[in-house]
$ cat input.tsv   # TSV, C-alpha atoms and all ligand atoms
chain	number	residue	atom	x	y	z
J	1	MET	CA	0.00	0.00	0.00
J	2	LYS	CA	1.24	3.41	-0.85
J	3	GLY	CA	0.77	6.38	1.45
J	4	LYS	CA	-1.17	9.47	0.49
J	5	ASN	CA	1.98	11.44	-0.07
J	6	GLU	CA	3.45	9.04	-2.57
J	7	ILE	CA	3.16	9.03	-6.31
J	8	THR	CA	4.01	6.12	-8.52
J	9	HIS	CA	5.71	6.55	-11.87
J	10	ASP	CA	4.00	3.57	-13.44
J	11	LEU	CA	5.02	4.41	-16.96
J	12	VAL	CA	8.68	4.77	-16.07
J	13	ASN	CA	9.31	1.95	-13.68
J	14	PRO	CA	6.68	-0.01	-11.75
J	15	ASP	CA	8.94	-0.43	-8.71
J	16	PHE	CA	9.83	3.21	-8.55
J	17	SER	CA	8.09	5.22	-5.90
J	18	VAL	CA	9.02	8.45	-4.18
J	19	ARG	CA	7.43	10.90	-1.87
J	20	HIS	CA	5.75	13.84	-3.55
J	21	ALA	CA	8.39	16.33	-4.71
J	22	SER	CA	7.30	19.09	-2.38
J	23	GLN	CA	7.73	16.74	0.58
J	24	LEU	CA	11.28	15.72	-0.18
J	25	GLN	CA	13.60	16.33	2.75
J	26	LEU	CA	17.34	16.79	2.95
J	27	GLN	CA	17.89	13.08	3.65
J	28	ASP	CA	15.77	12.08	0.64
J	29	PHE	CA	17.91	14.26	-1.59
J	30	LEU	CA	21.20	13.03	-0.14
J	31	LEU	CA	20.16	9.40	-0.42
J	32	GLY	CA	18.76	9.90	-3.92
J	33	LEU	CA	21.96	11.51	-5.15
J	34	LYS	CA	24.04	8.79	-3.53
J	35	ASN	CA	21.96	6.22	-5.43
J	36	SER	CA	22.36	8.14	-8.71
J	37	ASP	CA	18.61	8.61	-8.86
J	38	ARG	CA	18.01	10.83	-11.88
J	39	TYR	CA	14.55	11.82	-10.73
J	40	ILE	CA	15.92	13.10	-7.41
J	41	LEU	CA	18.75	14.86	-9.24
J	42	GLY	CA	16.17	16.63	-11.40
J	43	ARG	CA	14.18	17.65	-8.32
J	44	ALA	CA	17.35	18.89	-6.64
J	45	ILE	CA	18.16	21.13	-9.60
J	46	THR	CA	14.59	22.44	-9.57
J	47	LEU	CA	15.13	23.24	-5.91
J	48	LEU	CA	18.08	25.45	-6.87
J	49	GLU	CA	15.86	27.39	-9.25
J	50	SER	CA	13.25	28.07	-6.58
J	51	LYS	CA	12.88	31.56	-5.19
J	52	ILE	CA	10.88	30.43	-2.15
J	53	PRO	CA	13.11	31.11	0.90
J	54	ASP	CA	12.45	27.71	2.55
J	55	LYS	CA	13.35	25.85	-0.60
J	56	ARG	CA	16.36	28.03	-1.21
J	57	SER	CA	17.65	27.32	2.27
J	58	LEU	CA	17.06	23.58	1.81
J	59	ALA	CA	19.05	23.84	-1.44
J	60	MET	CA	21.92	25.62	0.34
J	61	ASN	CA	21.87	23.02	3.08
J	62	LEU	CA	22.01	20.25	0.50
J	63	LEU	CA	24.88	21.88	-1.40
J	64	SER	CA	26.92	22.25	1.76
J	65	ARG	CA	26.57	18.53	2.51
J	66	LEU	CA	27.56	17.15	-0.86
J	67	PRO	CA	30.48	14.75	-0.86
J	68	VAL	CA	33.77	15.78	-2.46
J	69	VAL	CA	33.93	13.99	-5.78
J	70	GLU	CA	37.15	13.48	-7.71
J	71	GLY	CA	37.88	12.45	-11.26
J	72	THR	CA	35.16	14.44	-12.99
J	73	VAL	CA	35.64	16.53	-16.12
J	74	ARG	CA	33.62	19.69	-16.73
J	75	ILE	CA	33.37	20.61	-20.39
J	76	GLY	CA	31.93	23.77	-21.89
J	77	ILE	CA	30.47	23.44	-25.38
J	78	THR	CA	29.98	26.67	-27.20
J	79	GLY	CA	29.48	28.00	-30.70
J	80	SER	CA	27.17	30.20	-32.69
J	81	PRO	CA	23.44	29.45	-32.88
J	82	GLY	CA	22.67	26.49	-35.10
J	83	VAL	CA	26.25	25.21	-35.36
J	84	GLY	CA	25.09	21.88	-33.97
J	85	LYS	CA	25.91	21.99	-30.25
J	86	SER	CA	22.87	19.98	-29.13
J	87	THR	CA	23.31	17.44	-31.90
J	88	PHE	CA	27.01	17.13	-31.05
J	89	ILE	CA	26.25	16.64	-27.35
J	90	ASP	CA	23.67	13.98	-28.19
J	91	SER	CA	26.15	12.04	-30.34
J	92	PHE	CA	29.22	12.59	-28.21
J	93	GLY	CA	27.30	11.93	-25.00
J	94	SER	CA	26.05	8.63	-26.43
J	95	PHE	CA	29.61	7.79	-27.43
J	96	LEU	CA	30.75	8.47	-23.85
J	97	VAL	CA	28.03	6.16	-22.52
J	98	ALA	CA	29.25	3.42	-24.87
J	99	GLN	CA	32.72	3.94	-23.39
J	100	GLY	CA	31.38	3.35	-19.89
J	101	CYS	CA	31.30	7.03	-18.89
J	102	ARG	CA	28.37	8.81	-17.30
J	103	PRO	CA	27.63	12.15	-18.96
J	104	ALA	CA	25.33	14.84	-17.59
J	105	VAL	CA	24.22	17.72	-19.80
J	106	LEU	CA	23.32	21.18	-18.57
J	107	ALA	CA	22.40	24.09	-20.79
J	108	ILE	CA	22.68	27.82	-20.47
J	109	ASP	CA	20.61	29.40	-23.17
J	110	PRO	CA	20.08	33.14	-22.97
J	111	SER	CA	17.71	32.94	-25.93
J	112	SER	CA	15.26	30.79	-23.98
J	113	THR	CA	13.50	33.89	-22.65
J	114	LYS	CA	12.69	35.03	-26.15
J	115	ASN	CA	12.29	31.67	-27.73
J	116	LYS	CA	10.21	29.57	-25.38
J	117	GLY	CA	10.38	26.68	-27.81
J	118	SER	CA	14.09	26.12	-27.26
J	119	ILE	CA	13.54	24.06	-24.14
J	120	LEU	CA	11.56	21.55	-26.12
J	121	GLY	CA	14.11	21.92	-28.91
J	122	ASP	CA	16.98	20.86	-26.66
J	123	LYS	CA	15.05	17.87	-25.42
J	124	THR	CA	14.09	16.60	-28.82
J	125	ARG	CA	17.60	17.13	-30.16
J	126	MET	CA	19.12	15.05	-27.41
J	127	LEU	CA	16.67	12.20	-27.64
J	128	SER	CA	19.07	9.29	-27.74
J	129	LEU	CA	21.15	10.61	-24.86
J	130	ALA	CA	18.09	11.55	-22.78
J	131	SER	CA	16.78	8.01	-23.11
J	132	SER	CA	20.00	6.46	-21.82
J	133	GLU	CA	19.95	5.38	-18.20
J	134	LYS	CA	23.60	6.25	-17.80
J	135	ALA	CA	23.08	9.86	-18.82
J	136	PHE	CA	21.27	12.88	-17.47
J	137	VAL	CA	19.97	15.72	-19.65
J	138	ARG	CA	18.72	18.96	-18.20
J	139	PRO	CA	17.50	21.52	-20.72
J	140	SER	CA	17.82	25.26	-20.21
J	141	PRO	CA	16.72	26.52	-16.81
J	142	SER	CA	13.36	28.26	-16.70
J	143	SER	CA	13.46	31.79	-18.05
J	144	SER	CA	12.23	33.24	-14.76
J	145	SER	CA	15.47	32.23	-13.13
J	146	LEU	CA	17.69	34.20	-15.50
J	147	GLY	CA	20.18	36.47	-13.82
J	148	GLY	CA	21.41	33.87	-11.40
J	149	THR	CA	21.77	31.35	-14.20
J	150	ALA	CA	25.53	31.06	-13.86
J	151	ASP	CA	25.41	30.47	-10.11
J	152	MET	CA	22.71	27.88	-10.56
J	153	THR	CA	24.58	26.05	-13.28
J	154	ARG	CA	27.67	25.87	-11.10
J	155	GLU	CA	25.63	24.46	-8.26
J	156	ALA	CA	23.91	22.02	-10.63
J	157	ILE	CA	27.36	20.74	-11.65
J	158	SER	CA	28.06	19.80	-8.03
J	159	LEU	CA	24.73	17.97	-7.81
J	160	CYS	CA	25.40	16.01	-11.01
J	161	GLU	CA	28.84	15.02	-9.76
J	162	ALA	CA	27.43	13.94	-6.41
J	163	ALA	CA	24.97	11.75	-8.34
J	164	GLY	CA	27.88	9.95	-9.97
J	165	PHE	CA	28.07	11.68	-13.34
J	166	ASN	CA	31.68	12.09	-14.38
J	167	TYR	CA	31.49	14.05	-17.65
J	168	ILE	CA	29.57	17.27	-17.25
J	169	LEU	CA	28.75	18.88	-20.60
J	170	ILE	CA	27.51	22.46	-20.51
J	171	GLU	CA	25.98	23.88	-23.66
J	172	THR	CA	26.02	27.62	-24.10
J	173	VAL	CA	25.26	29.83	-27.06
J	174	GLY	CA	28.48	31.63	-27.93
J	175	VAL	CA	27.36	35.14	-27.24
J	176	GLY	CA	29.15	37.30	-24.74
J	177	GLN	CA	28.65	37.01	-21.03
J	178	SER	CA	27.22	33.52	-20.68
J	179	GLU	CA	30.16	32.03	-22.53
J	180	ILE	CA	32.69	33.78	-20.28
J	181	GLU	CA	30.83	32.79	-17.14
J	182	VAL	CA	30.75	29.17	-18.28
J	183	SER	CA	34.50	29.17	-18.92
J	184	ARG	CA	34.87	30.06	-15.24
J	185	MET	CA	33.26	26.80	-14.17
J	186	THR	CA	34.71	24.33	-16.65
J	187	ASP	CA	38.00	22.47	-16.97
J	188	LEU	CA	38.08	22.79	-20.73
J	189	ASN	CA	36.07	24.37	-23.50
J	190	ILE	CA	35.14	23.00	-26.88
J	191	VAL	CA	34.29	25.56	-29.54
J	192	LEU	CA	32.16	24.29	-32.42
J	193	LEU	CA	32.69	25.87	-35.82
J	194	GLN	CA	30.69	25.89	-39.02
J	195	PRO	CA	32.49	24.77	-42.17
J	196	GLY	CA	33.70	28.06	-43.66
J	197	ALA	CA	33.97	29.86	-40.30
J	198	GLY	CA	36.88	32.29	-40.27
J	199	ASP	CA	36.73	32.75	-44.03
J	200	GLU	CA	35.32	36.23	-43.65
J	201	ILE	CA	37.55	39.28	-44.05
J	202	GLN	CA	38.45	39.73	-40.37
J	203	GLY	CA	39.63	36.13	-40.31
J	204	ILE	CA	39.96	34.26	-37.05
J	205	LYS	CA	39.35	36.43	-34.03
J	206	ARG	CA	41.82	36.35	-31.19
J	207	GLY	CA	39.02	36.05	-28.63
J	208	ILE	CA	38.01	32.65	-29.92
J	209	MET	CA	41.58	31.33	-29.56
J	210	GLU	CA	41.55	32.37	-25.92
J	211	VAL	CA	38.44	30.43	-25.00
J	212	ALA	CA	38.99	27.25	-27.00
J	213	ASP	CA	40.96	24.30	-25.68
J	214	LEU	CA	39.64	22.16	-28.49
J	215	PHE	CA	38.01	23.05	-31.80
J	216	VAL	CA	35.40	20.98	-33.57
J	217	VAL	CA	34.49	21.78	-37.16
J	218	ASN	CA	31.01	20.26	-37.16
J	219	LYS	CA	28.88	19.25	-40.15
J	220	ALA	CA	31.91	17.75	-41.87
J	221	ASP	CA	29.71	15.65	-44.12
J	222	GLY	CA	28.15	15.69	-47.59
J	223	ILE	CA	28.88	18.70	-49.73
J	224	GLN	CA	30.39	20.63	-46.81
J	225	LEU	CA	33.23	18.18	-46.22
J	226	ALA	CA	35.83	19.98	-48.38
J	227	LEU	CA	34.98	23.35	-46.85
J	228	ALA	CA	35.20	21.83	-43.37
J	229	GLU	CA	38.66	20.50	-44.15
J	230	ARG	CA	39.82	23.97	-45.23
J	231	THR	CA	38.43	25.45	-42.00
J	232	ARG	CA	40.28	22.79	-40.02
J	233	GLN	CA	43.56	23.78	-41.68
J	234	MET	CA	43.01	27.49	-41.05
J	235	TYR	CA	42.26	27.04	-37.38
J	236	GLY	CA	45.09	24.54	-37.05
J	237	GLN	CA	47.53	27.18	-38.30
J	238	ALA	CA	46.10	29.84	-36.00
J	239	ALA	CA	46.34	27.50	-33.00
J	240	HIS	CA	49.96	26.80	-33.93
J	241	PHE	CA	50.85	30.47	-33.45
J	242	PHE	CA	48.79	30.95	-30.33
J	243	LEU	CA	50.38	30.33	-26.96
J	244	HIS	CA	47.97	28.37	-24.78
J	245	GLU	CA	47.88	29.01	-21.04
J	246	LEU	CA	48.53	25.31	-20.41
J	247	GLN	CA	52.16	24.79	-21.24
J	248	GLY	CA	52.70	22.24	-23.99
J	249	TRP	CA	49.09	22.35	-25.19
J	250	GLN	CA	48.08	23.40	-28.65
J	251	SER	CA	44.32	23.40	-29.18
J	252	PRO	CA	43.60	20.64	-31.69
J	253	VAL	CA	41.06	21.10	-34.48
J	254	HIS	CA	38.90	18.07	-35.27
J	255	LEU	CA	36.46	17.34	-38.05
J	256	VAL	CA	33.17	15.90	-36.84
J	257	SER	CA	29.84	14.97	-38.26
J	258	SER	CA	27.48	14.92	-35.31
J	259	LEU	CA	24.69	13.67	-37.54
J	260	GLU	CA	26.70	10.77	-38.93
J	261	LYS	CA	28.61	10.23	-35.68
J	262	ILE	CA	32.03	10.56	-37.30
J	263	GLY	CA	35.15	11.80	-35.51
J	264	LEU	CA	33.89	11.38	-31.95
J	265	GLU	CA	36.71	9.09	-30.82
J	266	ASP	CA	39.31	11.78	-31.61
J	267	ILE	CA	37.44	14.21	-29.38
J	268	LYS	CA	37.51	11.79	-26.47
J	269	GLN	CA	41.23	11.20	-26.99
J	270	SER	CA	41.95	14.92	-27.04
J	271	ILE	CA	39.95	15.46	-23.87
J	272	ASP	CA	41.86	12.63	-22.18
J	273	SER	CA	45.19	14.14	-23.30
J	274	TYR	CA	44.20	17.57	-22.04
J	275	VAL	CA	43.14	16.22	-18.66
J	276	ARG	CA	46.35	14.16	-18.39
J	277	LEU	CA	48.65	17.05	-19.31
J	278	SER	CA	46.88	19.58	-17.11
J	279	SER	CA	46.73	17.19	-14.15
J	280	GLU	CA	50.44	16.35	-14.41
J	281	SER	CA	51.37	20.02	-14.23
J	282	SER	CA	48.81	20.76	-11.48
J	283	TYR	CA	47.20	23.25	-13.87
J	284	PHE	CA	43.91	21.33	-13.59
J	285	GLU	CA	43.78	21.67	-9.82
J	286	LEU	CA	45.01	25.25	-9.84
J	287	LYS	CA	42.36	26.29	-12.34
J	288	ARG	CA	39.59	24.78	-10.22
J	289	LYS	CA	40.93	26.55	-7.13
J	290	THR	CA	41.10	29.88	-8.97
J	291	GLN	CA	37.51	29.35	-10.11
J	292	LEU	CA	36.38	28.57	-6.57
J	293	LYS	CA	37.92	31.79	-5.32
J	294	TYR	CA	36.30	33.76	-8.14
J	295	TRP	CA	32.81	32.44	-7.30
J	296	PHE	CA	33.34	32.86	-3.59
J	297	GLN	CA	34.34	36.49	-4.04
J	298	LYS	CA	31.48	37.11	-6.43
J	299	GLN	CA	28.89	35.62	-4.12
J	300	VAL	CA	30.19	37.49	-1.09
J	301	ALA	CA	30.23	40.75	-3.07
J	302	GLN	CA	26.65	40.10	-4.17
J	303	GLU	CA	25.58	39.45	-0.60
J	304	ILE	CA	27.26	42.63	0.66
J	305	GLN	CA	25.57	44.62	-2.08
J	306	GLU	CA	22.16	43.15	-1.28
J	307	GLN	CA	22.50	43.80	2.44
J	308	ALA	CA	23.83	47.32	1.90
J	309	PHE	CA	20.83	48.24	-0.21
J	310	LYS	CA	18.56	47.08	2.59
J	311	GLN	CA	20.08	49.71	4.90
J	312	PRO	CA	17.36	52.43	5.03
J	313	LYS	CA	19.66	55.45	4.70
J	314	ILE	CA	21.58	53.95	1.80
J	315	LYS	CA	18.37	52.87	0.10
J	316	SER	CA	16.66	56.26	0.37
J	317	THR	CA	19.76	58.31	-0.54
J	318	PHE	CA	20.38	56.08	-3.53
J	319	GLU	CA	16.80	56.48	-4.72
J	320	ASN	CA	16.85	60.24	-4.20
J	321	LEU	CA	20.14	60.65	-6.02
J	322	THR	CA	18.94	58.50	-8.91
J	323	ARG	CA	15.92	60.77	-9.25
J	324	THR	CA	18.03	63.95	-9.11
J	325	LEU	CA	20.37	62.43	-11.67
J	326	ASP	CA	17.40	61.70	-13.86
J	327	ASP	CA	16.28	65.34	-13.62
J	328	GLY	CA	19.74	66.42	-14.70
J	329	LYS	CA	20.19	68.44	-11.49
J	330	ILE	CA	23.37	66.71	-10.38
J	331	SER	CA	26.46	65.27	-12.06
J	332	ILE	CA	27.24	61.56	-11.81
J	333	TYR	CA	30.51	62.46	-10.04
J	334	SER	CA	28.78	64.41	-7.34
J	335	ALA	CA	26.14	61.69	-6.90
J	336	THR	CA	28.78	58.95	-6.64
J	337	ASN	CA	30.77	61.06	-4.22
J	338	GLN	CA	27.78	61.49	-1.92
J	339	MET	CA	27.10	57.76	-1.97
J	340	GLN	CA	30.74	56.97	-1.21
J	341	LYS	CA	30.74	59.30	1.77
J	342	LEU	CA	27.53	57.82	3.13
J	343	ILE	CA	28.80	54.25	2.72
J	344	GLN	CA	32.01	55.12	4.53
J	345	GLU	CA	30.09	56.84	7.32
J	346	ILE	CA	27.92	53.79	7.85
J	347	PHE	CA	30.46	51.01	7.48
J	348	LEU	CA	33.79	52.45	8.58
M	1	LIG	N1	24.73	18.09	-41.97
M	1	LIG	C1	24.82	18.19	-40.65
M	1	LIG	N2	23.89	18.89	-39.98
M	1	LIG	C2	23.99	18.99	-38.64
M	1	LIG	C3	25.06	18.39	-37.94
M	1	LIG	N3	24.92	18.68	-36.62
M	1	LIG	C4	23.80	19.42	-36.52
M	1	LIG	N4	23.24	19.61	-37.72
M	1	LIG	C5	21.98	20.34	-38.00
M	1	LIG	O1	22.12	21.70	-37.64
M	1	LIG	C6	20.89	22.20	-37.12
M	1	LIG	C7	21.13	22.84	-35.76
M	1	LIG	O2	21.52	21.84	-34.85
M	1	LIG	P1	21.48	22.04	-33.27
M	1	LIG	O3	22.14	20.85	-32.67
M	1	LIG	O4	20.14	22.39	-32.80
M	1	LIG	O5	22.40	23.34	-33.12
M	1	LIG	P2	22.67	24.20	-31.81
M	1	LIG	O6	24.03	24.78	-31.97
M	1	LIG	O7	22.43	23.40	-30.57
M	1	LIG	O8	21.57	25.32	-31.94
M	1	LIG	P3	21.10	26.38	-30.83
M	1	LIG	O9	20.99	25.65	-29.53
M	1	LIG	O10	19.78	26.86	-31.34
M	1	LIG	O11	22.14	27.45	-30.81
M	1	LIG	C8	19.93	21.02	-37.06
M	1	LIG	O12	19.09	21.07	-38.17
M	1	LIG	C9	20.83	19.81	-37.16
M	1	LIG	O13	20.23	18.69	-37.73
M	1	LIG	C10	26.03	17.62	-38.68
M	1	LIG	O14	26.99	17.07	-38.16
M	1	LIG	N5	25.84	17.58	-40.04
M	2	MG	MG	21.14	23.78	-28.86
$ encode --input "input.tsv" --output "structure tokens" --more "lines below"
Ligand SMILES: Nc1nc2c(ncn2[C@@H]2O[C@H](COP(=O)(O)OP(=O)(O)OP(=O)(O)O)[C@@H](O)[C@H]2O)c(=O)[nH]1
Ligand SMILES: [Mg+2]
Amino acid sequence: MKGKNEITHDLVNPDFSVRHASQLQLQDFLLGLKNSDRYILGRAITLLESKIPDKRSLAMNLLSRLPVVEGTVRIGITGSPGVGKSTFIDSFGSFLVAQGCRPAVLAIDPSSTKNKGSILGDKTRMLSLASSEKAFVRPSPSSSSLGGTADMTREAISLCEAAGFNYILIETVGVGQSEIEVSRMTDLNIVLLQPGAGDEIQGIKRGIMEVADLFVVNKADGIQLALAERTRQMYGQAAHFFLHELQGWQSPVHLVSSLEKIGLEDIKQSIDSYVRLSSESSYFELKRKTQLKYWFQKQVAQEIQEQAFKQPKIKSTFENLTRTLDDGKISIYSATNQMQKLIQEIFL
């Protein structure tokens, strides 16, 4: 007999029964993650997205109790819209499963606010991976949670690792801020290129060399194969002249057809080489530590800012000055100066 508070997922697994999501307690989450329960992992990530204070504090409590997990690899996958990131992740993720790995996919998609269909899009494009028991696929977080997306993704990585997933793949559309934030939570970044990318007059931009530890020219199939090969050569030459932060590493450029599942083994080998080289030189560990410090500082700064704005005098002065600034009755320098003085008066 099942209690009132239990629901049964008959269609998924007849033996599978959990307490209703809203009733899940810390111990349920910890046990579920320990048992690699994908349903519980999904609920735990939803908990992170919640704005309800009780749920948020349960999420924080959970995060602080997660076990330290070693041997995981966090991979950012970026590239312009439509280059084939989701298709690549589906194929490469399935390849990883066949190799005995356990991939988890998270997505940061700034376009999801505008294009509500993209959540469904991600899911349908990663069908084979999503159906694998050894994998976990989480489409873009709900649009309402934008703003703290980066923090949430970082926390979701920890949850996935605690649930036994050892390859964390994070898809992000290669536009500006989200890409940079993701590179601050990953061990290595794969940049996907279209055949013909870099052919334009400006050529290959320096910025792209700085974020890529591995290049994939995707859609290297059919009539695009020759063009893809030319793109591979161009990026190969550029990488040759670019000094990578990891000593002895030159970002390789691989040809892949995500649709036809060609070239995936080379990607895995390159990832393995990168992890080996960076671990040997302690770069791997150092990078993670630097990232931890970055997020710690950022979160503390955010907290200080939030608390400071709750201080009545600061709040009212700030609002007044903003209004005066709006009326054009004060210069920005004078307004900033007044705020600085007030902050010093209150805190020093
Ligand atoms: N020919 C060919 N087409 C591909 C390949 N990979 C992806 N595509 C196609 O490219 C289109 C876009 O693929 P997606 O995987 O959705 O690309 P994406 O980069 O995730 O797109 P966004 O998330 O919208 O930025 C789809 O129509 C795919 O079928 C490939 O290897 N070869
Ligand atoms: Mg996609």
$ residues_around --input "input.tsv" --residues "range 44-58 of chain J" --least-positions-apart "5" --cutoff "7 Å" --atoms "all atoms listed in the file" --output "VMD selection string"
chain J and resid 26 29 145 152 156
$ residues_around --input "input.tsv" --residues "Asp37 in chain J" --least-positions-apart "5" --cutoff "10 Å" --atoms "all atoms listed in the file" --output "ChimeraX atom specification"
/J:29,31-32,42,133,136,163-164
$ residues_near_ligand --input "input.tsv" --ligand "ligand LIG 1 (chain M)" --cutoff "6 Å" --atoms "all atoms listed in the file" --output "list in words"
Pro81, Gly82, Val83, Gly84, Lys85, Ser86, Thr87, Val173, Asn218, Lys219, Asp221, Ser257, Ser258 and Leu259 of chain J
$ atom_distance --input "input.tsv" --atom1 "CA of Val275 in chain J" --atom2 "CA of Val73 in chain J"
7.9 Å
$ atom_distance --input "input.tsv" --atom1 "CA of Cys160 in chain J" --atom2 "CA of Glu70 in chain J"
12.5 Å
$ atom_distance --input "input.tsv" --atom1 "CA of Ser334 in chain J" --atom2 "CA of Lys313 in chain J"
17.6 Å
$ closest_residue --input "input.tsv" --among "J:Lys205, J:Arg138, J:Arg65, J:Lys298" --to "ligand MG 2 (chain M)" --atoms "all atoms listed in the file"
J:Arg138
$ residues_around --input "input.tsv" --residues "His244 in chain J" --least-positions-apart "3" --cutoff "10 Å" --atoms "only C-alpha atoms" --output "JSON, numbers by chain"
{"J": [209, 210, 211, 212, 213, 239, 240, 241, 247, 248, 249, 250, 251]}
$ residues_around --input "input.tsv" --residues "Gly100 in chain J" --least-positions-apart "2" --cutoff "12 Å" --atoms "all atoms listed in the file" --output "PyMOL selection string"
chain J and resi 93-98+102-103+132-135+165-167
$ closest_residue --input "input.tsv" --among "J:Ile108, J:Leu264, J:Leu214, J:Leu24" --to "ligand MG 2 (chain M)" --atoms "only C-alpha atoms and all ligand atoms"
J:Ile108
$ residues_near_point --input "input.tsv" --point "(25.8, 55.1, 7.3)" --cutoff "12 Å" --atoms "only C-alpha atoms" --output "VMD selection string"
chain J and resid 308 to 317 338 to 348
$ closest_residue --input "input.tsv" --among "J:Asn35, J:Gln299, J:Asn189, J:Thr231" --to "Ile267 in chain J" --atoms "all atoms listed in the file"
J:Asn189
$ decode --input "input.tsv" --residues "range 43-54 of chain J" --atoms "N, CA and C atoms" --output "compact mmCIF listing (two decimals), in the first residue's frame"
# COMPACT_ATOMS: atom_id res chain seq x y z
N ARG J 43 14.90 16.88 -9.36
CA ARG J 43 14.18 17.65 -8.32
C ARG J 43 15.15 18.57 -7.59
N ALA J 44 16.36 18.08 -7.36
CA ALA J 44 17.35 18.89 -6.64
C ALA J 44 17.72 20.13 -7.45
N ILE J 45 17.83 19.97 -8.76
CA ILE J 45 18.16 21.13 -9.60
C ILE J 45 16.98 22.12 -9.61
N THR J 46 15.77 21.58 -9.64
CA THR J 46 14.59 22.44 -9.57
C THR J 46 14.59 23.25 -8.27
N LEU J 47 15.05 22.58 -7.22
CA LEU J 47 15.13 23.24 -5.91
C LEU J 47 16.04 24.47 -5.98
N LEU J 48 17.13 24.33 -6.72
CA LEU J 48 18.08 25.45 -6.87
C LEU J 48 17.41 26.64 -7.55
N GLU J 49 16.50 26.33 -8.46
CA GLU J 49 15.86 27.39 -9.25
C GLU J 49 14.74 28.09 -8.46
N SER J 50 14.37 27.51 -7.34
CA SER J 50 13.25 28.07 -6.58
C SER J 50 13.64 29.39 -5.91
N LYS J 51 12.64 30.28 -5.86
CA LYS J 51 12.88 31.56 -5.19
C LYS J 51 12.23 31.58 -3.81
N ILE J 52 11.54 30.50 -3.47
CA ILE J 52 10.88 30.43 -2.15
C ILE J 52 11.97 30.25 -1.08
N PRO J 53 12.01 31.13 -0.08
CA PRO J 53 13.11 31.11 0.90
C PRO J 53 13.34 29.73 1.53
N ASP J 54 12.28 29.03 1.92
CA ASP J 54 12.45 27.71 2.55
C ASP J 54 13.16 26.73 1.63
